[in-house]
file query04.pdb (PDB, C-alpha atoms, pLDDT in the B column)
ATOM      1  CA  MET C 182      55.387 108.179  44.273  1.00 80.00           C
ATOM      2  CA  ASN C 183      53.721 106.076  41.610  1.00 87.00           C
ATOM      3  CA  ALA C 184      52.702 103.619  44.312  1.00 90.00           C
ATOM      4  CA  LEU C 185      50.840 106.413  46.104  1.00 91.00           C
ATOM      5  CA  TRP C 186      48.951 107.370  42.939  1.00 92.00           C
ATOM      6  CA  THR C 187      47.998 103.742  42.482  1.00 93.00           C
ATOM      7  CA  ALA C 188      46.863 103.579  46.094  1.00 93.00           C
ATOM      8  CA  ILE C 189      44.639 106.622  45.527  1.00 93.00           C
ATOM      9  CA  GLY C 190      43.055 104.976  42.505  1.00 94.00           C
ATOM     10  CA  VAL C 191      42.477 101.692  44.313  1.00 94.00           C
ATOM     11  CA  MET C 192      40.932 103.423  47.330  1.00 93.00           C
ATOM     12  CA  LEU C 193      38.536 105.395  45.162  1.00 94.00           C
ATOM     13  CA  GLY C 194      37.574 102.277  43.250  1.00 94.00           C
ATOM     14  CA  VAL C 195      36.857 100.339  46.437  1.00 95.00           C
ATOM     15  CA  ALA C 196      34.863 103.279  47.835  1.00 94.00           C
ATOM     16  CA  ALA C 197      32.755 103.456  44.683  1.00 94.00           C
ATOM     17  CA  LEU C 198      32.230  99.702  44.793  1.00 94.00           C
ATOM     18  CA  LEU C 199      31.047  99.818  48.416  1.00 93.00           C
ATOM     19  CA  GLY C 200      28.718 102.709  47.599  1.00 92.00           C
ATOM     20  CA  MET C 201      27.342 100.711  44.689  1.00 93.00           C
ATOM     21  CA  ILE C 202      26.688  97.725  46.977  1.00 93.00           C
ATOM     22  CA  ARG C 203      24.752  99.944  49.354  1.00 92.00           C
ATOM     23  CA  MET C 204      22.834 101.363  46.425  1.00 91.00           C
ATOM     24  CA  LEU C 205      21.829  97.866  45.354  1.00 92.00           C
ATOM     25  CA  MET C 206      20.733  96.629  48.785  1.00 87.00           C
ATOM     26  CA  GLY C 207      19.737  99.893  50.459  1.00 75.00           C
ATOM     27  CA  PRO C 208      16.496  99.444  52.366  1.00 83.00           C
ATOM     28  CA  SER C 209      14.947 102.746  51.295  1.00 85.00           C
ATOM     29  CA  VAL C 210      15.163 105.280  48.509  1.00 87.00           C
ATOM     30  CA  LEU C 211      16.896 107.742  50.837  1.00 88.00           C
ATOM     31  CA  ASP C 212      19.745 105.280  51.419  1.00 89.00           C
ATOM     32  CA  ARG C 213      20.155 104.967  47.683  1.00 90.00           C
ATOM     33  CA  ALA C 214      20.222 108.733  47.258  1.00 90.00           C
ATOM     34  CA  LEU C 215      22.856 108.883  49.975  1.00 90.00           C
ATOM     35  CA  SER C 216      25.026 106.303  48.227  1.00 92.00           C
ATOM     36  CA  VAL C 217      24.660 108.266  44.983  1.00 91.00           C
ATOM     37  CA  ASP C 218      26.066 111.220  46.910  1.00 91.00           C
ATOM     38  CA  VAL C 219      29.038 109.120  47.987  1.00 91.00           C
ATOM     39  CA  LEU C 220      29.554 107.952  44.406  1.00 93.00           C
ATOM     40  CA  ILE C 221      29.553 111.565  43.242  1.00 93.00           C
ATOM     41  CA  ALA C 222      32.080 112.460  45.937  1.00 92.00           C
ATOM     42  CA  SER C 223      34.270 109.603  44.724  1.00 93.00           C
ATOM     43  CA  ALA C 224      33.931 110.835  41.159  1.00 93.00           C
ATOM     44  CA  LEU C 225      34.903 114.347  42.258  1.00 91.00           C
ATOM     45  CA  THR C 226      37.954 113.007  44.048  1.00 93.00           C
ATOM     46  CA  GLY C 227      38.887 110.809  41.104  1.00 93.00           C
ATOM     47  CA  THR C 228      38.553 113.591  38.549  1.00 93.00           C
ATOM     48  CA  GLY C 229      40.599 115.821  40.811  1.00 93.00           C
ATOM     49  CA  ALA C 230      43.267 113.150  41.160  1.00 93.00           C
ATOM     50  CA  TYR C 231      43.385 112.876  37.376  1.00 93.00           C
ATOM     51  CA  ALA C 232      43.843 116.637  37.075  1.00 91.00           C
ATOM     52  CA  ALA C 233      46.586 116.583  39.678  1.00 91.00           C
ATOM     53  CA  PHE C 234      48.392 113.591  38.200  1.00 92.00           C
ATOM     54  CA  HIS C 235      48.553 114.971  34.669  1.00 91.00           C
ATOM     55  CA  ARG C 236      48.820 118.625  35.800  1.00 89.00           C
ATOM     56  CA  ASP C 237      45.877 119.146  33.461  1.00 86.00           C
ATOM     57  CA  PRO C 238      43.482 121.957  34.433  1.00 87.00           C
ATOM     58  CA  THR C 239      40.993 121.322  31.621  1.00 90.00           C
ATOM     59  CA  VAL C 240      38.836 118.915  33.662  1.00 91.00           C
ATOM     60  CA  LEU C 241      38.273 121.375  36.528  1.00 91.00           C
ATOM     61  CA  PRO C 242      34.874 122.645  35.230  1.00 91.00           C
ATOM     62  CA  THR C 243      33.694 119.039  35.510  1.00 92.00           C
ATOM     63  CA  LEU C 244      34.223 119.302  39.266  1.00 92.00           C
ATOM     64  CA  LEU C 245      31.949 122.351  39.316  1.00 91.00           C
ATOM     65  CA  VAL C 246      29.195 120.524  37.437  1.00 92.00           C
ATOM     66  CA  LEU C 247      29.441 117.407  39.619  1.00 91.00           C
ATOM     67  CA  SER C 248      29.286 119.358  42.875  1.00 90.00           C
ATOM     68  CA  LEU C 249      26.018 121.024  41.831  1.00 90.00           C
ATOM     69  CA  LEU C 250      24.585 117.835  40.340  1.00 90.00           C
ATOM     70  CA  GLY C 251      24.880 115.980  43.635  1.00 87.00           C
ATOM     71  CA  PHE C 252      22.940 118.662  45.480  1.00 89.00           C
ATOM     72  CA  VAL C 253      20.103 118.838  42.962  1.00 91.00           C
ATOM     73  CA  GLY C 254      19.830 115.048  42.813  1.00 89.00           C
ATOM     74  CA  SER C 255      19.602 114.376  46.532  1.00 88.00           C
ATOM     75  CA  VAL C 256      17.216 117.270  47.239  1.00 89.00           C
ATOM     76  CA  SER C 257      14.837 116.322  44.441  1.00 90.00           C
ATOM     77  CA  ILE C 258      14.792 112.660  45.493  1.00 89.00           C
ATOM     78  CA  ALA C 259      14.042 113.661  49.091  1.00 88.00           C
ATOM     79  CA  LYS C 260      11.213 115.959  47.979  1.00 88.00           C
ATOM     80  CA  PHE C 261       9.807 113.217  45.760  1.00 88.00           C
ATOM     81  CA  VAL C 262       9.789 110.717  48.626  1.00 86.00           C
ATOM     82  CA  ALA C 263       8.131 113.205  50.966  1.00 83.00           C
ATOM     83  CA  ARG C 264       5.369 114.110  48.527  1.00 83.00           C
ATOM     84  CA  ARG C 265       4.558 110.509  47.619  1.00 81.00           C
ATOM     85  CA  THR C 266       4.457 109.403  51.250  1.00 77.00           C
ATOM     86  CA  LEU C 267       2.119 112.285  52.013  1.00 76.00           C
ATOM     87  CA  GLN C 268      -0.195 111.241  49.185  1.00 78.00           C
ATOM     88  CA  GLU C 269      -0.195 107.590  50.283  1.00 77.00           C
ATOM     89  CA  ARG C 270      -0.969 108.577  53.831  1.00 73.00           C
ATOM     90  CA  SER C 271      -3.845 110.903  52.927  1.00 74.00           C
ATOM     91  CA  SER C 272      -5.351 108.344  50.532  1.00 72.00           C
ATOM     92  CA  THR C 273      -5.193 105.569  53.162  1.00 66.00           C
ATOM     93  CA  THR C 274      -6.784 107.773  55.812  1.00 60.00           C
ATOM     94  CA  THR C 275      -9.635 108.866  53.558  1.00 55.00           C
ATOM     95  CA  SER C 276     -10.339 105.343  52.333  1.00 48.00           C
ATOM     96  CA  VAL C 277      -9.935 103.629  55.688  1.00 44.00           C
ATOM     97  CA  HIS C 278     -11.646 105.987  58.078  1.00 43.00           C
ATOM     98  CA  PRO C 279     -15.290 105.504  56.997  1.00 43.00           C
ATOM     99  CA  VAL C 280     -14.827 101.746  57.081  1.00 41.00           C
ATOM    100  CA  SER C 281     -13.297 101.719  60.538  1.00 40.00           C
ATOM    101  CA  THR C 282     -16.071 103.936  61.937  1.00 42.00           C
ATOM    102  CA  ALA C 283     -18.759 101.815  60.283  1.00 42.00           C
ATOM    103  CA  THR C 284     -17.453  98.480  61.518  1.00 41.00           C
ATOM    104  CA  ASP C 285     -16.662  99.252  65.102  1.00 43.00           C
ATOM    105  CA  PRO C 286     -15.189  95.893  66.229  1.00 44.00           C
ATOM    106  CA  HIS C 287     -12.056  96.262  64.070  1.00 43.00           C
ATOM    107  CA  PRO C 288     -10.680  99.747  64.224  1.00 43.00           C
ATOM    108  CA  ALA C 289      -7.189  98.513  65.013  1.00 44.00           C
ATOM    109  CA  PRO C 290      -5.927  97.460  61.557  1.00 45.00           C
ATOM    110  CA  ALA C 291      -6.304 100.980  60.277  1.00 42.00           C
ATOM    111  CA  ALA C 292      -3.909 102.505  62.775  1.00 42.00           C
ATOM    112  CA  PRO C 293      -0.661 100.676  61.880  1.00 43.00           C
ATOM    113  CA  THR C 294      -1.049 101.336  58.170  1.00 43.00           C
ATOM    114  CA  ASP C 295      -1.485 105.013  59.016  1.00 44.00           C
ATOM    115  CA  THR C 296       1.508 105.516  61.251  1.00 44.00           C
ATOM    116  CA  ALA C 297       3.967 103.099  59.635  1.00 45.00           C
ATOM    117  CA  PRO C 298       3.740 103.290  55.856  1.00 47.00           C
ATOM    118  CA  GLU C 299       5.328 100.154  54.438  1.00 47.00           C
ATOM    119  CA  PRO C 300       8.548 101.572  53.018  1.00 48.00           C
ATOM    120  CA  GLU C 301       9.422  99.479  50.017  1.00 46.00           C
ATOM    121  CA  LYS C 302       6.457  97.949  48.234  1.00 46.00           C
ATOM    122  CA  GLY C 303       6.173 100.332  45.334  1.00 44.00           C
ATOM    123  CA  GLU C 304       9.708 101.565  45.226  1.00 44.00           C
ATOM    124  CA  ASN C 305      11.321  98.678  43.378  1.00 46.00           C
ATOM    125  CA  PRO C 306      10.004  98.608  39.866  1.00 43.00           C
TER
ATOM    126  CA  MET M1331      61.428 127.155  40.811  1.00 58.00           C
ATOM    127  CA  ASN M1332      64.212 125.052  42.249  1.00 78.00           C
ATOM    128  CA  GLU M1333      64.129 121.284  42.384  1.00 84.00           C
ATOM    129  CA  THR M1334      63.769 120.567  46.089  1.00 88.00           C
ATOM    130  CA  LEU M1335      60.864 122.984  46.561  1.00 88.00           C
ATOM    131  CA  GLY M1336      59.051 121.376  43.643  1.00 86.00           C
ATOM    132  CA  ALA M1337      59.578 117.904  45.086  1.00 89.00           C
ATOM    133  CA  VAL M1338      58.357 118.952  48.527  1.00 91.00           C
ATOM    134  CA  LEU M1339      55.247 120.571  47.039  1.00 90.00           C
ATOM    135  CA  ASP M1340      54.526 117.423  45.041  1.00 91.00           C
ATOM    136  CA  TRP M1341      54.729 115.318  48.175  1.00 92.00           C
ATOM    137  CA  VAL M1342      52.437 117.674  50.081  1.00 93.00           C
ATOM    138  CA  ALA M1343      49.938 117.569  47.214  1.00 92.00           C
ATOM    139  CA  ILE M1344      49.952 113.812  46.939  1.00 93.00           C
ATOM    140  CA  LEU M1345      49.525 113.430  50.708  1.00 93.00           C
ATOM    141  CA  CYS M1346      46.493 115.751  50.607  1.00 94.00           C
ATOM    142  CA  ILE M1347      44.915 113.781  47.770  1.00 94.00           C
ATOM    143  CA  LEU M1348      45.720 110.514  49.532  1.00 94.00           C
ATOM    144  CA  ALA M1349      43.935 111.751  52.659  1.00 94.00           C
ATOM    145  CA  GLY M1350      40.921 112.709  50.555  1.00 93.00           C
ATOM    146  CA  ALA M1351      40.813 109.301  48.910  1.00 93.00           C
ATOM    147  CA  MET M1352      41.127 107.658  52.319  1.00 93.00           C
ATOM    148  CA  LEU M1353      38.106 109.625  53.551  1.00 93.00           C
ATOM    149  CA  SER M1354      36.190 108.398  50.508  1.00 93.00           C
ATOM    150  CA  LEU M1355      37.077 104.835  51.409  1.00 94.00           C
ATOM    151  CA  VAL M1356      35.988 105.443  55.003  1.00 93.00           C
ATOM    152  CA  ALA M1357      32.632 106.702  53.728  1.00 92.00           C
ATOM    153  CA  GLY M1358      32.210 103.586  51.610  1.00 93.00           C
ATOM    154  CA  VAL M1359      32.962 101.298  54.550  1.00 93.00           C
ATOM    155  CA  GLY M1360      30.618 103.338  56.741  1.00 92.00           C
ATOM    156  CA  LEU M1361      27.832 103.032  54.183  1.00 91.00           C
ATOM    157  CA  ILE M1362      28.093  99.260  54.360  1.00 92.00           C
ATOM    158  CA  ARG M1363      28.636  98.765  58.066  1.00 91.00           C
ATOM    159  CA  LEU M1364      26.527 101.383  59.842  1.00 88.00           C
ATOM    160  CA  PRO M1365      23.019 100.350  60.834  1.00 86.00           C
ATOM    161  CA  ASP M1366      20.610 103.146  59.878  1.00 85.00           C
ATOM    162  CA  LEU M1367      20.096 106.175  57.688  1.00 87.00           C
ATOM    163  CA  LEU M1368      21.283 108.856  60.099  1.00 87.00           C
ATOM    164  CA  SER M1369      24.584 107.179  60.942  1.00 88.00           C
ATOM    165  CA  ARG M1370      25.191 106.461  57.268  1.00 90.00           C
ATOM    166  CA  MET M1371      24.667 110.138  56.546  1.00 90.00           C
ATOM    167  CA  HIS M1372      27.210 110.937  59.233  1.00 90.00           C
ATOM    168  CA  ALA M1373      29.779 108.726  57.515  1.00 90.00           C
ATOM    169  CA  ALA M1374      28.899 109.886  54.008  1.00 89.00           C
ATOM    170  CA  ALA M1375      29.398 113.582  54.768  1.00 89.00           C
ATOM    171  CA  LYS M1376      33.131 113.176  55.452  1.00 87.00           C
ATOM    172  CA  PRO M1377      34.441 112.953  51.887  1.00 88.00           C
ATOM    173  CA  GLN M1378      31.870 115.457  50.685  1.00 90.00           C
ATOM    174  CA  VAL M1379      33.347 118.363  52.624  1.00 90.00           C
ATOM    175  CA  LEU M1380      36.691 117.601  54.292  1.00 92.00           C
ATOM    176  CA  GLY M1381      37.868 115.097  51.697  1.00 92.00           C
ATOM    177  CA  LEU M1382      36.913 117.320  48.806  1.00 92.00           C
ATOM    178  CA  VAL M1383      38.660 120.367  50.282  1.00 93.00           C
ATOM    179  CA  LEU M1384      41.818 118.313  50.864  1.00 94.00           C
ATOM    180  CA  VAL M1385      41.726 117.119  47.251  1.00 93.00           C
ATOM    181  CA  LEU M1386      41.192 120.652  45.951  1.00 93.00           C
ATOM    182  CA  VAL M1387      44.184 121.903  47.943  1.00 93.00           C
ATOM    183  CA  GLY M1388      46.230 119.029  46.546  1.00 93.00           C
ATOM    184  CA  ILE M1389      45.174 119.795  42.970  1.00 92.00           C
ATOM    185  CA  ASP M1390      46.109 123.414  43.283  1.00 90.00           C
ATOM    186  CA  ILE M1391      49.513 122.649  44.779  1.00 91.00           C
ATOM    187  CA  ARG M1392      50.131 120.248  41.896  1.00 90.00           C
ATOM    188  CA  LEU M1393      49.029 122.878  39.383  1.00 88.00           C
ATOM    189  CA  ILE M1394      51.387 125.596  40.651  1.00 85.00           C
ATOM    190  CA  PRO M1395      53.852 125.131  37.708  1.00 82.00           C
ATOM    191  CA  VAL M1396      51.005 125.634  35.198  1.00 79.00           C
ATOM    192  CA  GLU M1397      51.055 129.212  33.962  1.00 76.00           C
ATOM    193  CA  THR M1398      47.343 130.019  34.151  1.00 76.00           C
ATOM    194  CA  ASN M1399      47.049 128.874  37.730  1.00 76.00           C
ATOM    195  CA  VAL M1400      45.145 131.974  38.895  1.00 81.00           C
ATOM    196  CA  PHE M1401      41.996 130.926  37.037  1.00 84.00           C
ATOM    197  CA  ASN M1402      42.290 127.404  38.402  1.00 86.00           C
ATOM    198  CA  VAL M1403      42.308 128.780  41.930  1.00 90.00           C
ATOM    199  CA  GLY M1404      39.062 130.574  41.132  1.00 89.00           C
ATOM    200  CA  THR M1405      37.407 127.415  39.854  1.00 90.00           C
ATOM    201  CA  LEU M1406      38.572 125.345  42.804  1.00 92.00           C
ATOM    202  CA  VAL M1407      37.381 127.929  45.335  1.00 93.00           C
ATOM    203  CA  LEU M1408      33.998 127.968  43.605  1.00 92.00           C
ATOM    204  CA  VAL M1409      33.756 124.187  43.837  1.00 92.00           C
ATOM    205  CA  ALA M1410      34.560 124.289  47.552  1.00 93.00           C
ATOM    206  CA  LEU M1411      32.033 127.092  48.160  1.00 93.00           C
ATOM    207  CA  PHE M1412      29.234 125.284  46.315  1.00 92.00           C
ATOM    208  CA  GLN M1413      29.928 122.071  48.150  1.00 91.00           C
ATOM    209  CA  MET M1414      30.034 123.727  51.580  1.00 92.00           C
ATOM    210  CA  ALA M1415      26.812 125.629  50.894  1.00 92.00           C
ATOM    211  CA  THR M1416      24.830 122.726  49.482  1.00 92.00           C
ATOM    212  CA  ILE M1417      25.882 119.693  51.538  1.00 91.00           C
ATOM    213  CA  PRO M1418      24.286 120.899  54.816  1.00 91.00           C
ATOM    214  CA  VAL M1419      21.053 121.744  53.000  1.00 91.00           C
ATOM    215  CA  ALA M1420      20.864 118.375  51.285  1.00 91.00           C
ATOM    216  CA  GLY M1421      21.690 116.537  54.518  1.00 90.00           C
ATOM    217  CA  HIS M1422      19.075 118.485  56.445  1.00 91.00           C
ATOM    218  CA  ILE M1423      16.347 117.791  53.900  1.00 91.00           C
ATOM    219  CA  THR M1424      17.221 114.104  53.644  1.00 89.00           C
ATOM    220  CA  ALA M1425      17.240 113.642  57.416  1.00 88.00           C
ATOM    221  CA  ARG M1426      13.965 115.542  57.795  1.00 88.00           C
ATOM    222  CA  VAL M1427      12.201 113.482  55.146  1.00 88.00           C
ATOM    223  CA  GLY M1428      13.614 110.288  56.626  1.00 86.00           C
ATOM    224  CA  TYR M1429      12.279 111.203  60.056  1.00 85.00           C
ATOM    225  CA  ARG M1430       8.863 112.362  58.890  1.00 83.00           C
ATOM    226  CA  THR M1431       8.263 109.289  56.768  1.00 82.00           C
ATOM    227  CA  GLY M1432       9.204 106.943  59.594  1.00 78.00           C
ATOM    228  CA  ARG M1433      12.428 105.546  58.180  1.00 74.00           C
ATOM    229  CA  ILE M1434      14.495 106.232  61.300  1.00 77.00           C
ATOM    230  CA  GLU M1435      14.815 103.310  63.705  1.00 75.00           C
ATOM    231  CA  GLU M1436      13.876 104.662  67.089  1.00 74.00           C
ATOM    232  CA  GLY M1437      15.744 101.960  68.989  1.00 74.00           C
ATOM    233  CA  LEU M1438      19.048 103.396  67.785  1.00 74.00           C
ATOM    234  CA  MET M1439      18.434 106.908  69.065  1.00 77.00           C
ATOM    235  CA  ALA M1440      19.661 107.832  72.533  1.00 77.00           C
ATOM    236  CA  ARG M1441      17.126 110.623  72.813  1.00 78.00           C
ATOM    237  CA  ASP M1442      14.401 111.863  70.498  1.00 78.00           C
ATOM    238  CA  GLU M1443      13.733 115.492  71.274  1.00 79.00           C
ATOM    239  CA  LEU M1444      11.839 116.115  68.054  1.00 79.00           C
ATOM    240  CA  ALA M1445       9.169 113.539  68.981  1.00 80.00           C
ATOM    241  CA  GLU M1446       8.475 115.319  72.282  1.00 82.00           C
ATOM    242  CA  ARG M1447       8.217 118.613  70.444  1.00 83.00           C
ATOM    243  CA  LEU M1448       5.890 117.159  67.808  1.00 82.00           C
ATOM    244  CA  GLU M1449       3.649 115.661  70.471  1.00 84.00           C
ATOM    245  CA  ALA M1450       3.396 119.014  72.215  1.00 86.00           C
ATOM    246  CA  ASP M1451       2.591 120.715  68.912  1.00 85.00           C
ATOM    247  CA  GLU M1452      -0.031 118.137  68.059  1.00 85.00           C
ATOM    248  CA  ALA M1453      -1.669 118.512  71.474  1.00 86.00           C
ATOM    249  CA  ALA M1454      -1.789 122.292  71.013  1.00 86.00           C
ATOM    250  CA  ALA M1455      -3.259 121.917  67.527  1.00 83.00           C
ATOM    251  CA  GLY M1456      -5.809 119.423  68.799  1.00 79.00           C
ATOM    252  CA  ASP M1457      -6.977 121.936  71.427  1.00 75.00           C
ATOM    253  CA  ARG M1458      -7.596 124.444  68.673  1.00 68.00           C
ATOM    254  CA  GLY M1459      -9.318 121.800  66.588  1.00 58.00           C
ATOM    255  CA  GLY M1460      -6.970 122.402  63.693  1.00 51.00           C
ATOM    256  CA  ASP M1461      -4.618 120.124  61.828  1.00 51.00           C
ATOM    257  CA  GLY M1462      -1.632 122.457  61.859  1.00 47.00           C
ATOM    258  CA  ALA M1463       0.969 119.916  62.971  1.00 46.00           C
ATOM    259  CA  ALA M1464       0.234 117.467  60.184  1.00 48.00           C
ATOM    260  CA  ARG M1465       2.756 119.139  57.950  1.00 48.00           C
TER
END

call {"tool": "encode", "arguments": {"input": "query04.pdb", "output": "structure tokens"}}
result
Amino acid sequence: MNALWTAIGVMLGVAALLGMIRMLMGPSVLDRALSVDVLIASALTGTGAYAAFHRDPTVLPTLLVLSLLGFVGSVSIAKFVARRTLQERSSTTTSVHPVSTATDPHPAPAAPTDTAPEPEKGENP
Amino acid sequence: MNETLGAVLDWVAILCILAGAMLSLVAGVGLIRLPDLLSRMHAAAKPQVLGLVLVLVGIDIRLIPVETNVFNVGTLVLVALFQMATIPVAGHITARVGYRTGRIEEGLMARDELAERLEADEAAAGDRGGDGAAR
């Protein structure tokens, strides 16, 4: 039975490690938020395994806190990304449009920057 | 409580927790191997709901010999309820923001019904001269 407890611990450690790798190399902020969710799920499972192994119910409120923390974190990150992308898009359209109408031969460069905002330039401090 | 029943309950509990940990591992592997945001979300949601409920069931079976187990059941049910209520909301918002900000690779989608709908909405808004679909 001890082998099974060890296996649980090893699995959770590997899962957290893989989530951490995705958080380091994730192409966008949303991927990183998602891997934070997976890390929190691993932490929930690990804390629960601790409680079950020691038959110790004192850590159960921690599960409650973690489950709400994950929700608040991912929703606020998603809202933050949405608002900033909206601001970037509106600022590019207002700054680019008069130029593109004034110089008629090159209206094309404005369009790609509008529709495909470059995802990562400002997101890695 | 007699000995054999206690042993059987311990084995059931540890198998539940093992399944939950295995789902966590699957989510980690899926995060690394799957190609884009939506499929990663699909993999990541497994330990958040099913894995967590399995672990909670395992904890409570393990905690049966503890005397104040009634209160622990309450806490564990609350955790499961919060998780089940919040995970779909968070997933929906993340997927929506990912789509609207252009982070979904369109080559990986079999069919994009939302794009057709958005085009129709934009055409209707353009007829009215408004900018209603820009939200």

call {"tool": "resolve_selection", "arguments": {"input": "query04.pdb", "expression": "the ChimeraX specification (/C :<7) & /M", "output": "ChimeraX atom specification"}}
result
/M:1347-1348,1351-1352,1354-1355,1358-1359,1361-1362,1367,1371,1374,1377-1378,1382,1385,1389,1392-1393,1402,1405,1409,1412-1413,1416-1417,1420,1423-1424,1427,1431-1432

call {"tool": "atom_distance", "arguments": {"input": "query04.pdb", "atom1": "atom CA of Glu1449 of chain M", "atom2": "atom CA of Ser272 of chain C"}}
result
23.1 Å

call {"tool": "resolve_selection", "arguments": {"input": "query04.pdb", "expression": "the PyMOL selection byres ((chain M and resi 1373) around 8)", "output": "list in words"}}
result
Val1356, Ala1357, Gly1360, Leu1361, Ser1369, Arg1370, Met1371, His1372, Ala1374, Ala1375 and Lys1376 of chain M

call {"tool": "atom_distance", "arguments": {"input": "query04.pdb", "atom1": "atom CA of Gln268 of chain C", "atom2": "atom CA of Arg1441 of chain M"}}
result
29.3 Å

call {"tool": "atom_distance", "arguments": {"input": "query04.pdb", "atom1": "atom CA of Val217 of chain C", "atom2": "atom CA of Arg1426 of chain M"}}
result
18.2 Å

call {"tool": "residues_near_point", "arguments": {"input": "query04.pdb", "point": "(10.8, 111.1, 64.5)", "cutoff": "8 Å", "atoms": "all atoms listed in the file", "output": "PyMOL selection string"}}
result
chain M and resi 1429-1430+1432+1434+1436+1442+1444-1445

call {"tool": "closest_residue", "arguments": {"input": "query04.pdb", "among": "M:Asp1366, M:Leu1380, M:Gly1404, M:Asp1390", "to": "Arg1433 of chain M", "atoms": "only C-alpha atoms"}}
result
M:Asp1366

call {"tool": "decode", "arguments": {"input": "query04.pdb", "residues": "segment 1335-1354 of chain M", "atoms": "N, CA and C atoms", "output": "compact mmCIF listing (two decimals), in the first residue's frame"}}
result
# COMPACT_ATOMS: atom_id res chain seq x y z
N LEU M 1335 -13.43 -5.03 6.86
CA LEU M 1335 -14.15 -3.90 6.24
C LEU M 1335 -13.24 -2.67 6.17
N GLY M 1336 -12.49 -2.44 7.25
CA GLY M 1336 -11.58 -1.30 7.23
C GLY M 1336 -10.54 -1.43 6.14
N ALA M 1337 -10.00 -2.63 5.95
CA ALA M 1337 -8.98 -2.82 4.91
C ALA M 1337 -9.57 -2.59 3.53
N VAL M 1338 -10.79 -3.12 3.31
CA VAL M 1338 -11.41 -2.96 2.00
C VAL M 1338 -11.67 -1.48 1.71
N LEU M 1339 -12.16 -0.76 2.74
CA LEU M 1339 -12.42 0.67 2.54
C LEU M 1339 -11.13 1.43 2.24
N ASP M 1340 -10.05 1.05 2.92
CA ASP M 1340 -8.77 1.71 2.63
C ASP M 1340 -8.35 1.48 1.20
N TRP M 1341 -8.53 0.25 0.72
CA TRP M 1341 -8.13 -0.02 -0.67
C TRP M 1341 -8.99 0.76 -1.64
N VAL M 1342 -10.31 0.81 -1.38
CA VAL M 1342 -11.17 1.60 -2.27
C VAL M 1342 -10.73 3.06 -2.29
N ALA M 1343 -10.43 3.60 -1.10
CA ALA M 1343 -10.02 5.01 -1.02
C ALA M 1343 -8.74 5.24 -1.79
N ILE M 1344 -7.77 4.34 -1.61
CA ILE M 1344 -6.49 4.60 -2.26
C ILE M 1344 -6.63 4.42 -3.77
N LEU M 1345 -7.52 3.54 -4.22
CA LEU M 1345 -7.71 3.42 -5.68
C LEU M 1345 -8.36 4.68 -6.24
N CYS M 1346 -9.32 5.26 -5.51
CA CYS M 1346 -9.93 6.51 -5.96
C CYS M 1346 -8.88 7.61 -6.08
N ILE M 1347 -8.05 7.75 -5.05
CA ILE M 1347 -7.04 8.82 -5.08
C ILE M 1347 -6.02 8.56 -6.18
N LEU M 1348 -5.70 7.28 -6.39
CA LEU M 1348 -4.76 6.95 -7.46
C LEU M 1348 -5.33 7.34 -8.82
N ALA M 1349 -6.63 7.08 -9.01
CA ALA M 1349 -7.26 7.47 -10.29
C ALA M 1349 -7.22 8.99 -10.46
N GLY M 1350 -7.47 9.72 -9.37
CA GLY M 1350 -7.41 11.17 -9.46
C GLY M 1350 -6.03 11.67 -9.82
N ALA M 1351 -5.01 11.07 -9.19
CA ALA M 1351 -3.63 11.48 -9.50
C ALA M 1351 -3.28 11.13 -10.93
N MET M 1352 -3.80 9.99 -11.41
CA MET M 1352 -3.53 9.60 -12.80
C MET M 1352 -4.14 10.61 -13.77
N LEU M 1353 -5.36 11.09 -13.44
CA LEU M 1353 -5.97 12.10 -14.31
C LEU M 1353 -5.15 13.39 -14.30
N SER M 1354 -4.57 13.72 -13.15
CA SER M 1354 -3.69 14.90 -13.11
C SER M 1354 -2.50 14.72 -14.04
